[in-house]
>>> print(open('input.txt').read())   # compact mmCIF, C-alpha atoms
# COMPACT_ATOMS: atom_id res chain seq x y z
CA MET A 1 12.46 -54.03 18.71
CA TYR A 2 10.25 -52.04 16.36
CA LEU A 3 7.91 -54.97 15.68
CA ARG A 4 7.69 -55.94 19.33
CA HIS A 5 7.52 -52.58 21.12
CA GLN A 6 6.42 -50.18 18.32
CA LEU A 7 9.06 -47.66 19.36
CA PRO A 8 9.24 -44.45 17.29
CA HIS A 9 11.99 -44.34 14.69
CA GLU A 10 13.59 -41.39 16.51
CA VAL A 11 13.96 -43.48 19.68
CA LEU A 12 15.49 -46.41 17.80
CA ALA A 13 17.90 -44.05 16.06
CA GLU A 14 19.00 -42.70 19.44
CA LEU A 15 19.38 -46.19 20.92
CA PHE A 16 21.55 -47.50 18.08
CA ASP A 17 23.33 -44.20 17.43
CA VAL A 18 22.29 -43.95 13.78
CA ASP A 19 20.34 -41.45 11.74
CA ARG A 20 16.54 -41.62 11.77
CA SER A 21 16.47 -42.12 7.99
CA THR A 22 18.60 -45.24 8.42
CA VAL A 23 16.06 -46.76 10.81
CA SER A 24 13.14 -45.86 8.53
CA ALA A 25 14.88 -47.39 5.52
CA ALA A 26 15.67 -50.58 7.45
CA VAL A 27 12.05 -50.95 8.60
CA ARG A 28 10.75 -50.43 5.06
CA GLN A 29 13.10 -53.09 3.71
CA VAL A 30 12.76 -55.73 6.43
CA ARG A 31 8.97 -55.78 6.89
CA PRO A 32 8.13 -56.96 3.33
CA LEU A 33 10.80 -59.66 3.53
CA LEU A 34 9.39 -61.04 6.78
CA ALA A 35 5.81 -60.81 5.50
CA ALA A 36 6.65 -62.75 2.33
CA ARG A 37 8.10 -65.69 4.30
CA GLY A 38 4.69 -67.09 5.15
CA PHE A 39 3.93 -69.49 8.01
CA PRO A 40 5.95 -72.66 8.71
CA VAL A 41 4.32 -76.08 8.72
CA PRO A 42 4.85 -78.11 11.92
CA ASP A 43 7.11 -81.12 11.39
CA ARG A 44 7.75 -80.07 7.77
CA PRO A 45 10.96 -78.01 7.66
CA GLY A 46 11.16 -75.70 4.66
CA VAL A 47 7.43 -75.88 3.83
CA ARG A 48 5.47 -72.64 4.35
CA LEU A 49 1.83 -71.61 3.98
CA ARG A 50 0.93 -68.23 2.53
CA THR A 51 -2.73 -68.35 1.53
CA LEU A 52 -6.02 -69.79 2.74
CA ALA A 53 -5.87 -72.31 -0.10
CA ASP A 54 -2.48 -73.50 1.19
CA VAL A 55 -3.93 -74.01 4.68
CA PHE A 56 -6.85 -76.10 3.43
CA ALA A 57 -4.64 -78.17 1.13
CA TYR A 58 -2.31 -78.90 4.05
CA ALA A 59 -5.19 -79.73 6.40
CA GLU A 60 -6.67 -82.16 3.88
CA ALA A 61 -3.35 -83.85 3.13
CA GLU A 62 -2.34 -84.26 6.79
CA GLY A 63 -5.79 -84.81 8.32
CA VAL A 64 -5.50 -81.70 10.51
CA GLU A 65 -8.63 -80.30 12.14
CA LEU A 66 -8.46 -76.51 11.87
CA ARG A 67 -9.29 -73.92 14.51
CA LEU A 68 -10.18 -70.36 13.51
CA ASP A 69 -10.84 -67.25 15.51
CA GLY A 70 -11.18 -63.55 14.83
CA ALA A 71 -9.42 -60.78 16.73
CA GLU A 72 -9.52 -57.00 16.75
CA THR A 73 -6.71 -54.48 17.15
CA GLN A 74 -7.47 -50.94 18.22
CA GLY A 75 -6.37 -48.38 15.65
CA ARG A 76 -6.27 -44.66 15.10
CA ARG A 77 -9.54 -42.78 14.92
CA PRO A 78 -10.11 -41.27 11.45
CA GLN A 79 -10.85 -37.59 11.07
CA THR A 80 -14.45 -36.44 11.23
CA GLY A 81 -16.17 -36.61 7.87
CA ARG A 82 -14.04 -39.39 6.42
CA PRO A 83 -16.34 -41.71 4.40
CA GLU A 84 -14.69 -44.88 5.74
CA ARG A 85 -14.77 -43.83 9.38
CA ARG A 86 -17.89 -45.82 10.32
CA ALA A 87 -16.58 -49.01 8.69
CA PHE A 88 -13.87 -49.39 11.34
CA VAL A 89 -16.08 -48.87 14.42
CA SER A 90 -16.44 -52.28 16.06
CA GLY A 91 -19.92 -53.14 17.24
CA LYS A 92 -18.45 -55.30 20.01
CA ARG A 93 -15.69 -53.05 21.34
CA LYS A 94 -17.21 -49.67 20.40
CA GLN A 95 -13.79 -48.56 19.18
CA ASN A 96 -12.00 -48.07 15.88
CA THR A 97 -10.48 -51.48 15.23
CA ILE A 98 -8.91 -53.65 12.55
CA LYS A 99 -10.10 -57.26 12.33
CA THR A 100 -7.91 -60.25 11.57
CA THR A 101 -8.49 -64.02 11.49
CA THR A 102 -6.11 -66.68 12.79
CA PHE A 103 -6.02 -70.37 11.79
CA SER A 104 -4.24 -72.99 13.89
CA ASP A 105 -4.09 -76.74 14.35
CA GLY A 106 -5.35 -78.65 17.38
CA GLN A 107 -2.26 -77.72 19.42
CA GLY A 108 -2.60 -74.01 18.76
CA ARG A 109 0.30 -73.91 16.31
CA MET A 110 -0.38 -71.04 13.95
CA LEU A 111 -0.94 -71.93 10.29
CA LEU A 112 -2.12 -68.54 9.04
CA SER A 113 -2.97 -65.15 10.51
CA GLY A 114 -4.20 -62.24 8.46
CA VAL A 115 -7.36 -61.68 6.41
CA VAL A 116 -7.22 -58.00 7.43
CA ARG A 117 -10.63 -56.34 7.32
CA PRO A 118 -12.36 -53.28 8.88
CA GLY A 119 -13.36 -53.79 12.51
CA ARG A 120 -17.07 -53.39 11.84
CA MET A 121 -17.13 -56.45 9.58
CA HIS A 122 -18.52 -59.63 11.15
CA ASP A 123 -16.14 -62.54 11.75
CA GLN A 124 -17.87 -64.87 9.30
CA THR A 125 -18.15 -62.13 6.65
CA ALA A 126 -14.40 -61.53 6.87
CA VAL A 127 -13.54 -65.14 6.04
CA ARG A 128 -16.28 -65.39 3.43
CA THR A 129 -14.77 -62.47 1.52
CA GLU A 130 -11.48 -64.37 1.61
CA GLY A 131 -13.15 -67.39 -0.04
CA ILE A 132 -13.50 -69.84 2.85
CA ALA A 133 -16.79 -71.25 1.53
CA GLU A 134 -15.13 -72.20 -1.74
CA GLN A 135 -12.29 -73.88 0.16
CA PHE A 136 -14.73 -76.00 2.16
CA ARG A 137 -16.36 -77.10 -1.09
CA LEU A 138 -13.01 -77.92 -2.69
CA HIS A 139 -11.80 -79.83 0.39
CA PRO A 140 -14.84 -81.71 1.77
CA SER A 141 -12.76 -83.75 4.23
CA VAL A 142 -11.43 -80.71 6.11
CA ARG A 143 -12.94 -80.18 9.57
CA SER A 144 -12.77 -77.07 11.74
CA GLN A 145 -13.74 -75.76 15.17
CA ALA A 146 -14.99 -72.18 15.58
CA ASP A 147 -16.87 -69.95 18.00
CA ALA A 148 -20.41 -68.58 17.71
CA GLY A 149 -19.26 -65.87 15.32
CA TYR A 150 -19.07 -68.52 12.58
CA ALA A 151 -22.59 -69.88 12.95
CA GLY A 152 -23.26 -69.15 9.26
CA PRO A 153 -20.52 -71.44 7.89
CA ALA A 154 -21.46 -74.05 10.52
CA LYS A 155 -25.02 -74.04 9.20
CA GLU A 156 -23.90 -74.14 5.56
CA PHE A 157 -21.27 -76.86 6.15
CA PRO A 158 -22.59 -78.82 9.16
CA ASP A 159 -20.27 -81.78 8.53
CA GLN A 160 -17.16 -79.59 8.35
CA VAL A 161 -17.60 -76.63 10.72
CA THR A 162 -18.41 -77.16 14.39
CA ALA A 163 -19.75 -74.16 16.32
CA PRO A 164 -21.16 -73.97 19.87
CA PRO A 165 -24.57 -75.67 20.12
CA LYS A 166 -27.67 -73.52 20.40
CA ARG A 167 -28.98 -72.89 23.87
CA PRO A 168 -32.15 -74.88 24.66
CA LYS A 169 -35.39 -73.07 25.42
CA ASP A 170 -36.18 -72.05 28.97
CA ASP A 171 -38.88 -74.70 29.26
CA ALA A 172 -36.55 -77.51 28.18
CA CYS A 173 -36.05 -80.37 30.60
CA ASP A 174 -33.04 -80.45 32.89
CA GLY A 175 -31.51 -83.34 30.94
CA ASN A 176 -31.41 -81.30 27.73
CA LYS A 177 -29.90 -78.34 29.56
CA ARG A 178 -27.17 -80.49 31.09
CA ALA A 179 -26.46 -82.11 27.72
CA TRP A 180 -26.21 -78.66 26.10
CA ASN A 181 -23.86 -77.41 28.80
CA GLU A 182 -21.58 -80.44 28.40
CA ALA A 183 -21.56 -80.14 24.59
CA ARG A 184 -20.75 -76.44 24.86
CA ARG A 185 -17.92 -77.15 27.31
CA ARG A 186 -16.39 -79.81 25.07
CA GLN A 187 -16.59 -77.59 21.99
CA SER A 188 -15.02 -74.70 23.88
CA SER A 189 -12.17 -76.92 25.06
CA ALA A 190 -11.55 -78.05 21.49
CA ARG A 191 -11.18 -74.53 20.08
CA ILE A 192 -9.61 -72.66 23.03
CA CYS A 193 -6.10 -73.26 21.69
CA VAL A 194 -6.55 -70.80 18.80
CA GLU A 195 -7.65 -68.13 21.29
CA HIS A 196 -4.40 -68.73 23.15
CA THR A 197 -2.60 -68.23 19.84
CA ASN A 198 -4.32 -64.88 19.34
CA ALA A 199 -3.42 -63.93 22.91
CA GLU A 200 0.24 -64.64 22.14
CA LEU A 201 0.06 -62.25 19.21
CA ARG A 202 -1.34 -59.57 21.52
CA GLN A 203 1.87 -59.63 23.54
CA ARG A 204 3.36 -57.47 20.79
CA ALA A 205 2.57 -53.78 21.19
CA PRO A 206 1.59 -53.08 17.54
CA LEU A 207 -1.09 -55.79 17.70
CA ARG A 208 -2.61 -54.39 20.89
CA ARG A 209 -2.93 -50.82 19.65
CA PHE A 210 -1.74 -49.85 16.19
CA THR A 211 -0.71 -46.19 16.04
CA ARG A 212 0.31 -46.03 12.38
CA ARG A 213 -1.88 -45.62 9.31
CA ARG A 214 -4.54 -48.32 9.02
CA ASP A 215 -3.69 -49.14 5.41
CA THR A 216 -0.23 -50.28 6.55
CA TYR A 217 -1.46 -52.63 9.29
CA ASP A 218 -1.03 -55.81 7.25
CA GLU A 219 2.62 -54.83 6.64
CA THR A 220 3.13 -55.04 10.40
CA HIS A 221 0.76 -57.89 11.31
CA LEU A 222 2.13 -60.43 8.83
CA PRO A 223 5.81 -60.11 9.86
CA ILE A 224 4.93 -60.39 13.56
CA ALA A 225 2.59 -63.34 13.01
CA GLY A 226 5.23 -65.08 10.91
CA LEU A 227 7.85 -64.70 13.64
CA VAL A 228 5.45 -65.98 16.31
CA SER A 229 4.53 -68.97 14.13
CA ASP A 230 8.22 -69.85 13.71
CA ARG A 231 8.38 -70.52 17.44
CA SER A 232 5.09 -72.39 17.68
CA ALA A 233 6.01 -74.64 14.74
CA ARG A 234 8.95 -75.98 16.74
CA CYS A 235 6.62 -77.49 19.33
CA PRO A 236 6.56 -81.27 18.78
CA THR A 237 3.35 -82.93 17.71
CA ARG A 238 1.56 -84.61 20.59
CA ARG A 239 0.18 -88.04 19.81
CA ARG A 240 -3.01 -88.96 21.61
CA THR A 241 -3.22 -92.43 23.09
CA SER A 242 -6.04 -94.37 21.51
CA THR A 243 -9.05 -95.06 23.73
CA GLU A 244 -10.62 -97.53 21.31
CA LEU A 245 -11.72 -100.80 22.88
CA VAL A 246 -9.88 -103.84 21.56
CA LEU A 247 -11.68 -107.17 21.59
CA VAL A 248 -9.79 -110.06 23.11
CA HIS A 249 -10.01 -113.12 20.87
CA GLY A 250 -10.36 -116.47 22.55
CA LYS A 251 -11.05 -117.34 26.16
CA ALA A 252 -8.74 -118.43 28.86
CA SER A 253 -9.00 -122.14 29.52
>>> encode(input="input.txt", output="structure tokens")
Amino acid sequence: MYLRHQLPHEVLAELFDVDRSTVSAAVRQVRPLLAARGFPVPDRPGVRLRTLADVFAYAEAEGVELRLDGAETQGRRPQTGRPERRAFVSGKRKQNTIKTTTFSDGQGRMLLSGVVRPGRMHDQTAVRTEGIAEQFRLHPSVRSQADAGYAGPAKEFPDQVTAPPKRPKDDACDGNKRAWNEARRRQSSARICVEHTNAELRQRAPLRRFTRRRDTYDETHLPIAGLVSDRSARCPTRRRTSTELVLVHGKAS
């Protein structure tokens, strides 16, 4: 209940008829255990991913095309004069936020969610500081779909990272504009599943607005994300029917 509804410890103590210190001790003990579990691998019972390197190694071994997307959680506003206050003001939301990044497969099944950074940090900078460029170099066969916030990695690794195509100039012909619109639509459809995954995380109150200290956010985000991924990992893998043309040998007499 604490991880889902972010109820105060005093309320939980009243609900379960225990002392407040008992609730606080239980929360302190359970959160690290859930955070250390990692993220389950679909169709691989007992195997869990805990780092970005684990995700890329799994994607390369299984031929999984990754999806990644950043998200922001509103947090408490620091006191005036704090040196780190400006670092958490999001340029997009104009609020004090905490940024995280989520990785999923093509069905939206979560493989990793974390990479906690200040809200002012750009999406691509957040994953770069986590070492994503090195992982792309170490695993050249890994492919990924991302939004326009990852245009930098898409430019650096054009064969591995797919971002939305650039908009054509105003004086471009109608054919180019229609081609761009279709390419943008297809790319959006390919990566929308990870945005649905982030939306599922936002159903938990602490990940919509975090009211505790910012330096403890990862202790709450990781347990919740791990529990959500447990459910998504149970979704069976969908096999796409091949659309490849097969030549018919020989002719009917």
>>> residues_around(input="input.txt", residues="segment 186-197 of chain A", least_positions_apart="2", cutoff="8 Å", atoms="only C-alpha atoms", output="PyMOL selection string")
chain A and resi 67-69+102-110+145-147+162-164+182-184+199-201
>>> atom_distance(input="input.txt", atom1="atom CA of Asn181 of chain A", atom2="atom CA of Ser90 of chain A")
29.1 Å
>>> atom_distance(input="input.txt", atom1="atom CA of Arg234 of chain A", atom2="atom CA of Thr220 of chain A")
22.6 Å
>>> atom_distance(input="input.txt", atom1="atom CA of Glu219 of chain A", atom2="atom CA of Gly81 of chain A")
26.2 Å
>>> residues_around(input="input.txt", residues="Pro223 of chain A", least_positions_apart="2", cutoff="9 Å", atoms="only C-alpha atoms", output="list in words")
Leu3, Val30, Arg31, Pro32, Leu33, Leu34, Ala35, Ala36, Arg37, Gly38, Asp218, Glu219, Thr220, His221, Ala225, Gly226, Leu227 and Val228 of chain A
>>> residues_around(input="input.txt", residues="Ile98 of chain A", least_positions_apart="5", cutoff="9 Å", atoms="all atoms listed in the file", output="PyMOL selection string")
chain A and resi 71-75+88-90+116-120+210+214+217
>>> residues_around(input="input.txt", residues="Pro78 of chain A", least_positions_apart="6", cutoff="10 Å", atoms="all atoms listed in the file", output="PyMOL selection string")
chain A and resi 84-86+88+96+213-214
>>> closest_residue(input="input.txt", among="A:Val55, A:Leu207, A:Ala233, A:Ala148", to="Leu112 of chain A", atoms="only C-alpha atoms")
A:Val55
>>> closest_residue(input="input.txt", among="A:Pro8, A:Pro42, A:Gly91, A:Gly175", to="Pro236 of chain A", atoms="all atoms listed in the file")
A:Pro42
>>> residues_around(input="input.txt", residues="Ala53 of chain A", least_positions_apart="6", cutoff="9 Å", atoms="only C-alpha atoms", output="ChimeraX atom specification")
/A:131-132,135
>>> closest_residue(input="input.txt", among="A:Gln203, A:Thr100, A:Ser141, A:Ser113", to="Glu62 of chain A", atoms="all atoms listed in the file")
A:Ser141
>>> residues_near_point(input="input.txt", point="(3.8, -54.2, 21.7)", cutoff="9 Å", atoms="all atoms listed in the file", output="short mmCIF file (atom, residue, chain, number, x, y, z; two decimals) with C-alpha atoms, in the coordinates of the input")
data_model
loop_
_atom_site.label_atom_id
_atom_site.label_comp_id
_atom_site.auth_asym_id
_atom_site.auth_seq_id
_atom_site.Cartn_x
_atom_site.Cartn_y
_atom_site.Cartn_z
CA TYR A 2 10.25 -52.04 16.36
CA LEU A 3 7.91 -54.97 15.68
CA ARG A 4 7.69 -55.94 19.33
CA HIS A 5 7.52 -52.58 21.12
CA GLN A 6 6.42 -50.18 18.32
CA LEU A 7 9.06 -47.66 19.36
CA ARG A 202 -1.34 -59.57 21.52
CA GLN A 203 1.87 -59.63 23.54
CA ARG A 204 3.36 -57.47 20.79
CA ALA A 205 2.57 -53.78 21.19
CA PRO A 206 1.59 -53.08 17.54
CA LEU A 207 -1.09 -55.79 17.70
CA ARG A 208 -2.61 -54.39 20.89
CA ARG A 209 -2.93 -50.82 19.65
CA PHE A 210 -1.74 -49.85 16.19
#
>>> closest_residue(input="input.txt", among="A:Arg185, A:Lys92, A:His139, A:Arg128", to="Ala61 of chain A", atoms="only C-alpha atoms")
A:His139
>>> closest_residue(input="input.txt", among="A:His9, A:Arg231, A:Arg143, A:Lys94", to="Ala26 of chain A", atoms="all atoms listed in the file")
A:His9
>>> build_atoms(input="input.txt", residues="segment 65-82 of chain A", atoms="N, CA and C atoms", output="CSV table (one decimal), in the coordinates of the input")
chain,number,residue,atom,x,y,z
A,65,GLU,N,-7.4,-81.0,11.9
A,65,GLU,CA,-8.6,-80.3,12.1
A,65,GLU,C,-8.3,-78.9,12.5
A,66,LEU,N,-8.8,-77.9,11.7
A,66,LEU,CA,-8.5,-76.5,11.9
A,66,LEU,C,-9.2,-75.9,13.0
A,67,ARG,N,-8.6,-74.8,13.6
A,67,ARG,CA,-9.3,-73.9,14.5
A,67,ARG,C,-9.2,-72.5,13.9
A,68,LEU,N,-10.2,-71.7,14.0
A,68,LEU,CA,-10.2,-70.4,13.5
A,68,LEU,C,-10.9,-69.4,14.5
A,69,ASP,N,-10.3,-68.2,14.6
A,69,ASP,CA,-10.8,-67.2,15.5
A,69,ASP,C,-10.5,-65.9,15.0
A,70,GLY,N,-11.4,-64.9,15.2
A,70,GLY,CA,-11.2,-63.6,14.8
A,70,GLY,C,-10.7,-62.7,16.0
A,71,ALA,N,-10.0,-61.7,15.7
A,71,ALA,CA,-9.4,-60.8,16.7
A,71,ALA,C,-9.5,-59.4,16.2
A,72,GLU,N,-9.5,-58.4,17.1
A,72,GLU,CA,-9.5,-57.0,16.8
A,72,GLU,C,-8.4,-56.2,17.4
A,73,THR,N,-7.8,-55.3,16.7
A,73,THR,CA,-6.7,-54.5,17.2
A,73,THR,C,-7.2,-53.0,17.1
A,74,GLN,N,-7.1,-52.3,18.2
A,74,GLN,CA,-7.5,-50.9,18.2
A,74,GLN,C,-6.5,-50.1,17.3
A,75,GLY,N,-7.1,-49.2,16.5
A,75,GLY,CA,-6.4,-48.4,15.6
A,75,GLY,C,-6.7,-46.9,15.9
A,76,ARG,N,-6.1,-46.1,15.0
A,76,ARG,CA,-6.3,-44.7,15.1
A,76,ARG,C,-7.7,-44.3,14.7
A,77,ARG,N,-8.2,-43.2,15.3
A,77,ARG,CA,-9.5,-42.8,14.9
A,77,ARG,C,-9.5,-41.8,13.7
A,78,PRO,N,-10.2,-42.1,12.6
A,78,PRO,CA,-10.1,-41.3,11.4
A,78,PRO,C,-10.7,-39.9,11.7
A,79,GLN,N,-10.3,-38.9,10.9
A,79,GLN,CA,-10.8,-37.6,11.1
A,79,GLN,C,-12.4,-37.6,10.8
A,80,THR,N,-13.0,-36.6,11.4
A,80,THR,CA,-14.4,-36.4,11.2
A,80,THR,C,-14.8,-36.1,9.8
A,81,GLY,N,-15.8,-36.8,9.3
A,81,GLY,CA,-16.2,-36.6,7.9
A,81,GLY,C,-15.6,-37.6,6.9
A,82,ARG,N,-14.6,-38.4,7.3
A,82,ARG,CA,-14.0,-39.4,6.4
A,82,ARG,C,-15.1,-40.4,6.1
